[in-house]
Protein chains: 2
Amino acid sequence: MISISPQLEFFLNIAKAQALIARRFDVKLSLWGIGMNDFIILFQLSRASGEKMRRIDLAEKIGFTASGVTRLLAPMEKIGLVKRETVAHDARVSLVALAPSGKRILTEALENAEYISREWLVNQKVANIKELSSMLAAVGTYTF
Amino acid sequence: MISISPQLEFFLNIAKAQALIARRFDVKLSLWGIGMNDFIILFQLSRASGEKMRRIDLAEKIGFTASGVTRLLAPMEKIGLVKRETVAHDARVSLVALAPSGKRILTEALENAEYISREWLVNQKVANIKELSSMLAAVGTYTF
DNA sequence: GATATATACTTGACATATAAACTAATTACA
DNA sequence: TGTAATTAGTTTATATGTCAAGTATATATC
């Protein structure tokens with residue numbers, strides 16, 4: 001039996017957990033016609049100043065590539081969850097802004113997402129969750 | 001600013017971390033012509049008794065659906081990393097077995113995967129890693 | 001101020017996952 | 001037995017995400 005380091009095991013566990021998490025959130029959030037990634041985008045936009053961001057910053061924030069963001073936003077823009085804005089002094093940039101309809105859906109979906117999360121982690125100590133969350137955040141910002 | 005529970009934040013952090021992890025592993029493992037999921041499959045097969053598993057058990061093990069496993073295995077079978085076996089008393093089942101070539105690639109890729117993992121988590125305490133790992137494992141086995 | 005480089009974003013080609021529907025085989029049980 | 005339910009796996013249709021290349025704009029340097 002091959003044995004592996006705690007570090008590699010950690011990454012394998014993340015992979016599996018995320019596969020299950022994404023599926024479960026997708027199923028639940030489909031009631032609002034959105035997936036987990038759409039939800040994350042709406043949420044991050046709601047936290048940004050002016051509820052808008054540059055697309056490249058959004059990509060960085062959620063761990064996607066620029067092209068992934070373009071593709072994700074296209075249908076969201078079409079159904080009016082987000083809207084596109086330009087920047088006066090730099091024509092390369094286009095901002096994504098949270099639209100009223102997106103904000104409404106976010107509010108409703110958030111309740112459900114909170115419910116799923118709490119239910120799932122009901123057996124875990126909050127102190128542990130917080131500590132490990134900050135460690136995950138560190139993983140998500142590590143630069144090679 | 002909308003505030004969220006530590007539980008939901010934890011899941012959002014996992015989503016981001018996994019996006020980055022999968023991309024990085026994919027880039028590195030492409031030297032052996034495999035992706036992170038192929039690697040995980042080879043690894044899990046190597047740990048299974050007789051180095052073989054039922055496809056449905058493999059799916060469960062890695063957090064995929066049955067159809068996802070079918071699609072992942074098809075090219076791996078074609079290039080000889082795994083081979084297909086049948087079960088005497090149950091014709092519905094087909095086993096996936098680690099092939100010699102798959103075992104060889106696993107050995108080499110494993111070194112690299114270990115290197116990436118250790119490098120990435122070099123600033124984290126091993127005790128924390130282990131703790132988070134077991135929490136993730138619990139997330140991965142929680143039944144609703 | 002011309003040219004090279006960098007940045008922001010999009011598009012085309014491709015890979016990968018899923019859900020739902022399907023086939024085939026096994027098991028339960030009336 | 002024979003029929004319904006369950007289980008294992010595959011296929012179809014579709015969505016999602018990447019990489020590499022392309023467009024347009026901005027900045028740096030000589």
# chains A, B, ... in the order shown; residues from 1 in each chain; ligands from 1
call {"tool": "closest_atom_pairs", "arguments": {"of": "stretch 5-107 of chain A", "to": "stretch 2-20 of chain B", "cutoff": "7 Å", "atoms": "only C-alpha atoms", "output": "JSON lines"}}
result
{"residue": "A:Ile14", "atom": "CA", "partner": "B:Gln18", "partner_atom": "CA", "distance": 6.5}
{"residue": "A:Ala15", "atom": "CA", "partner": "B:Gln18", "partner_atom": "CA", "distance": 6.2}
{"residue": "A:Gln18", "atom": "CA", "partner": "B:Ala15", "partner_atom": "CA", "distance": 6.2}
{"residue": "A:Arg47", "atom": "CA", "partner": "B:Ile2", "partner_atom": "CA", "distance": 6.7}
{"residue": "A:Ile62", "atom": "CA", "partner": "B:Lys16", "partner_atom": "CA", "distance": 5.5}
{"residue": "A:Gly63", "atom": "CA", "partner": "B:Lys16", "partner_atom": "CA", "distance": 5.0}
{"residue": "A:Phe64", "atom": "CA", "partner": "B:Ala19", "partner_atom": "CA", "distance": 6.8}
call {"tool": "write_last_selection", "arguments": {"atoms": "N, CA and C atoms", "output": "short mmCIF file (atom, residue, chain, number, x, y, z; two decimals), in the first residue's frame"}}
result
data_model
loop_
_atom_site.label_atom_id
_atom_site.label_comp_id
_atom_site.auth_asym_id
_atom_site.auth_seq_id
_atom_site.Cartn_x
_atom_site.Cartn_y
_atom_site.Cartn_z
N ILE A 14 -9.74 17.58 -0.45
CA ILE A 14 -10.39 18.79 -0.97
C ILE A 14 -11.09 18.48 -2.28
N ALA A 15 -10.39 17.76 -3.16
CA ALA A 15 -10.97 17.45 -4.47
C ALA A 15 -12.30 16.73 -4.33
N GLN A 18 -15.03 19.04 -2.67
CA GLN A 18 -15.54 20.07 -3.56
C GLN A 18 -16.47 19.49 -4.61
N ARG A 47 -20.35 42.26 -2.23
CA ARG A 47 -19.39 42.73 -1.24
C ARG A 47 -18.46 43.80 -1.78
N ILE A 62 -12.44 34.61 -7.29
CA ILE A 62 -13.09 33.30 -7.20
C ILE A 62 -12.20 32.15 -7.69
N GLY A 63 -10.99 32.48 -8.13
CA GLY A 63 -10.06 31.42 -8.52
C GLY A 63 -10.31 30.88 -9.91
N PHE A 64 -10.91 31.71 -10.77
CA PHE A 64 -11.16 31.30 -12.15
C PHE A 64 -10.20 32.00 -13.08
#
call {"tool": "residues_around", "arguments": {"residues": "B:Leu45", "least_positions_apart": "6", "cutoff": "12 Å", "atoms": "only C-alpha atoms (C1' of nucleotides)", "output": "list in words"}}
result
Met1 and Ile2 of chain A; Asp38, Phe39, Glu51, Lys52, Met53, Arg54, Arg55, Asp57, Leu58, Ala59, Lys61, Ile62, Leu73, Leu81, Val82, Lys83, Leu95, Val96, Ala97, Leu98, Ala99, Pro100, Gly102, Lys103 and Leu106 of chain B
call {"tool": "write_last_selection", "arguments": {"atoms": "N, CA and C atoms", "output": "PDB file, in the first residue's frame"}}
result
ATOM      1  N   MET A   1       0.855  -1.220   0.000  1.00  0.00           N
ATOM      2  CA  MET A   1       0.000   0.000   0.000  1.00  0.00           C
ATOM      3  C   MET A   1       0.877   1.251   0.000  1.00  0.00           C
ATOM      4  N   ILE A   2       0.725   2.044  -1.029  1.00  0.00           N
ATOM      5  CA  ILE A   2       1.460   3.301  -1.109  1.00  0.00           C
ATOM      6  C   ILE A   2       0.999   4.235  -0.001  1.00  0.00           C
TER       7      ILE A   2
ATOM      8  N   ASP B  38      -7.204  11.781 -13.237  1.00  0.00           N
ATOM      9  CA  ASP B  38      -6.580  10.510 -13.637  1.00  0.00           C
ATOM     10  C   ASP B  38      -5.627  10.044 -12.543  1.00  0.00           C
ATOM     11  N   PHE B  39      -4.866  11.001 -12.047  1.00  0.00           N
ATOM     12  CA  PHE B  39      -3.924  10.675 -10.977  1.00  0.00           C
ATOM     13  C   PHE B  39      -4.643  10.095  -9.765  1.00  0.00           C
ATOM     14  N   GLU B  51      -5.588  -4.243  -6.380  1.00  0.00           N
ATOM     15  CA  GLU B  51      -5.431  -3.100  -7.290  1.00  0.00           C
ATOM     16  C   GLU B  51      -6.564  -3.043  -8.314  1.00  0.00           C
ATOM     17  N   LYS B  52      -7.756  -3.374  -7.877  1.00  0.00           N
ATOM     18  CA  LYS B  52      -8.927  -3.274  -8.750  1.00  0.00           C
ATOM     19  C   LYS B  52     -10.170  -2.929  -7.949  1.00  0.00           C
ATOM     20  N   MET B  53     -11.123  -2.299  -8.633  1.00  0.00           N
ATOM     21  CA  MET B  53     -12.361  -1.893  -7.966  1.00  0.00           C
ATOM     22  C   MET B  53     -13.532  -1.978  -8.931  1.00  0.00           C
ATOM     23  N   ARG B  54     -14.722  -2.031  -8.356  1.00  0.00           N
ATOM     24  CA  ARG B  54     -15.913  -1.862  -9.180  1.00  0.00           C
ATOM     25  C   ARG B  54     -15.987  -0.377  -9.530  1.00  0.00           C
ATOM     26  N   ARG B  55     -16.519  -0.102 -10.731  1.00  0.00           N
ATOM     27  CA  ARG B  55     -16.551   1.288 -11.176  1.00  0.00           C
ATOM     28  C   ARG B  55     -17.403   2.152 -10.252  1.00  0.00           C
ATOM     29  N   ASP B  57     -17.846   1.801  -7.076  1.00  0.00           N
ATOM     30  CA  ASP B  57     -17.135   2.078  -5.827  1.00  0.00           C
ATOM     31  C   ASP B  57     -16.064   3.143  -6.035  1.00  0.00           C
ATOM     32  N   LEU B  58     -15.450   3.076  -7.200  1.00  0.00           N
ATOM     33  CA  LEU B  58     -14.457   4.097  -7.528  1.00  0.00           C
ATOM     34  C   LEU B  58     -15.116   5.474  -7.563  1.00  0.00           C
ATOM     35  N   ALA B  59     -16.275   5.544  -8.198  1.00  0.00           N
ATOM     36  CA  ALA B  59     -17.011   6.816  -8.271  1.00  0.00           C
ATOM     37  C   ALA B  59     -17.269   7.355  -6.865  1.00  0.00           C
ATOM     38  N   LYS B  61     -15.711   6.667  -4.154  1.00  0.00           N
ATOM     39  CA  LYS B  61     -14.442   6.981  -3.500  1.00  0.00           C
ATOM     40  C   LYS B  61     -13.923   8.372  -3.858  1.00  0.00           C
ATOM     41  N   ILE B  62     -14.073   8.751  -5.103  1.00  0.00           N
ATOM     42  CA  ILE B  62     -13.518  10.036  -5.533  1.00  0.00           C
ATOM     43  C   ILE B  62     -14.568  11.144  -5.613  1.00  0.00           C
ATOM     44  N   LEU B  73     -12.514   6.994 -17.478  1.00  0.00           N
ATOM     45  CA  LEU B  73     -11.781   5.751 -17.676  1.00  0.00           C
ATOM     46  C   LEU B  73     -11.575   5.405 -19.147  1.00  0.00           C
ATOM     47  N   LEU B  81      -3.555   2.528 -19.257  1.00  0.00           N
ATOM     48  CA  LEU B  81      -3.233   2.796 -17.849  1.00  0.00           C
ATOM     49  C   LEU B  81      -4.036   1.880 -16.930  1.00  0.00           C
ATOM     50  N   VAL B  82      -5.223   1.553 -17.373  1.00  0.00           N
ATOM     51  CA  VAL B  82      -6.073   0.643 -16.603  1.00  0.00           C
ATOM     52  C   VAL B  82      -6.630  -0.406 -17.559  1.00  0.00           C
ATOM     53  N   LYS B  83      -7.072  -1.508 -16.994  1.00  0.00           N
ATOM     54  CA  LYS B  83      -7.707  -2.497 -17.847  1.00  0.00           C
ATOM     55  C   LYS B  83      -9.022  -2.955 -17.224  1.00  0.00           C
ATOM     56  N   LEU B  95     -14.947  -4.519 -13.494  1.00  0.00           N
ATOM     57  CA  LEU B  95     -13.935  -3.957 -12.608  1.00  0.00           C
ATOM     58  C   LEU B  95     -12.941  -3.129 -13.401  1.00  0.00           C
ATOM     59  N   VAL B  96     -12.370  -2.134 -12.741  1.00  0.00           N
ATOM     60  CA  VAL B  96     -11.225  -1.413 -13.307  1.00  0.00           C
ATOM     61  C   VAL B  96     -10.012  -1.888 -12.552  1.00  0.00           C
ATOM     62  N   ALA B  97      -8.988  -2.266 -13.277  1.00  0.00           N
ATOM     63  CA  ALA B  97      -7.763  -2.709 -12.623  1.00  0.00           C
ATOM     64  C   ALA B  97      -6.597  -1.844 -13.081  1.00  0.00           C
ATOM     65  N   LEU B  98      -5.688  -1.628 -12.160  1.00  0.00           N
ATOM     66  CA  LEU B  98      -4.478  -0.871 -12.476  1.00  0.00           C
ATOM     67  C   LEU B  98      -3.617  -1.710 -13.410  1.00  0.00           C
ATOM     68  N   ALA B  99      -3.230  -1.158 -14.536  1.00  0.00           N
ATOM     69  CA  ALA B  99      -2.344  -1.867 -15.463  1.00  0.00           C
ATOM     70  C   ALA B  99      -0.894  -1.506 -15.155  1.00  0.00           C
ATOM     71  N   PRO B 100       0.060  -2.345 -15.597  1.00  0.00           N
ATOM     72  CA  PRO B 100       1.479  -2.075 -15.298  1.00  0.00           C
ATOM     73  C   PRO B 100       1.896  -0.666 -15.708  1.00  0.00           C
ATOM     74  N   GLY B 102       0.032   1.938 -15.961  1.00  0.00           N
ATOM     75  CA  GLY B 102      -0.582   2.889 -15.045  1.00  0.00           C
ATOM     76  C   GLY B 102       0.166   2.964 -13.727  1.00  0.00           C
ATOM     77  N   LYS B 103       0.640   1.818 -13.297  1.00  0.00           N
ATOM     78  CA  LYS B 103       1.373   1.772 -12.036  1.00  0.00           C
ATOM     79  C   LYS B 103       2.705   2.520 -12.151  1.00  0.00           C
ATOM     80  N   LEU B 106       1.934   6.197 -12.240  1.00  0.00           N
ATOM     81  CA  LEU B 106       1.536   6.629 -10.895  1.00  0.00           C
ATOM     82  C   LEU B 106       2.769   6.886 -10.029  1.00  0.00           C
TER      83      LEU B 106
END
call {"tool": "interface_residues", "arguments": {"of": "chain C", "to": "chain B", "cutoff": "8 Å", "atoms": "only C-alpha atoms (C1' of nucleotides)", "output": "list in words"}}
result
DA17, DT18, DA24, DA25 and DT26 of chain C
call {"tool": "write_last_selection", "arguments": {"atoms": "C-alpha atoms (C1' of nucleotides)", "output": "mmCIF file, in the first residue's frame"}}
result
data_model
loop_
_atom_site.group_PDB
_atom_site.id
_atom_site.type_symbol
_atom_site.label_atom_id
_atom_site.label_comp_id
_atom_site.auth_asym_id
_atom_site.auth_seq_id
_atom_site.Cartn_x
_atom_site.Cartn_y
_atom_site.Cartn_z
ATOM 1 C "C1'" DA C 17 -18.809 16.714 -15.604
ATOM 2 C "C1'" DT C 18 -23.500 16.211 -14.900
ATOM 3 C "C1'" DA C 24 -28.747 -5.411 -19.172
ATOM 4 C "C1'" DA C 25 -28.456 -8.292 -15.273
ATOM 5 C "C1'" DT C 26 -29.717 -9.535 -10.548
#
call {"tool": "interface_residues", "arguments": {"of": "chain D", "to": "chain B", "cutoff": "12 Å", "atoms": "only C-alpha atoms (C1' of nucleotides)", "output": "list in words"}}
result
DT7, DA8, DG9, DT10, DT11, DT12, DG17, DT18 and DC19 of chain D
call {"tool": "closest_residue", "arguments": {"among": "B:Ser49, B:Asn123, B:Ser117, B:Gln44", "to": "chain A", "atoms": "only C-alpha atoms"}}
result
B:Ser117
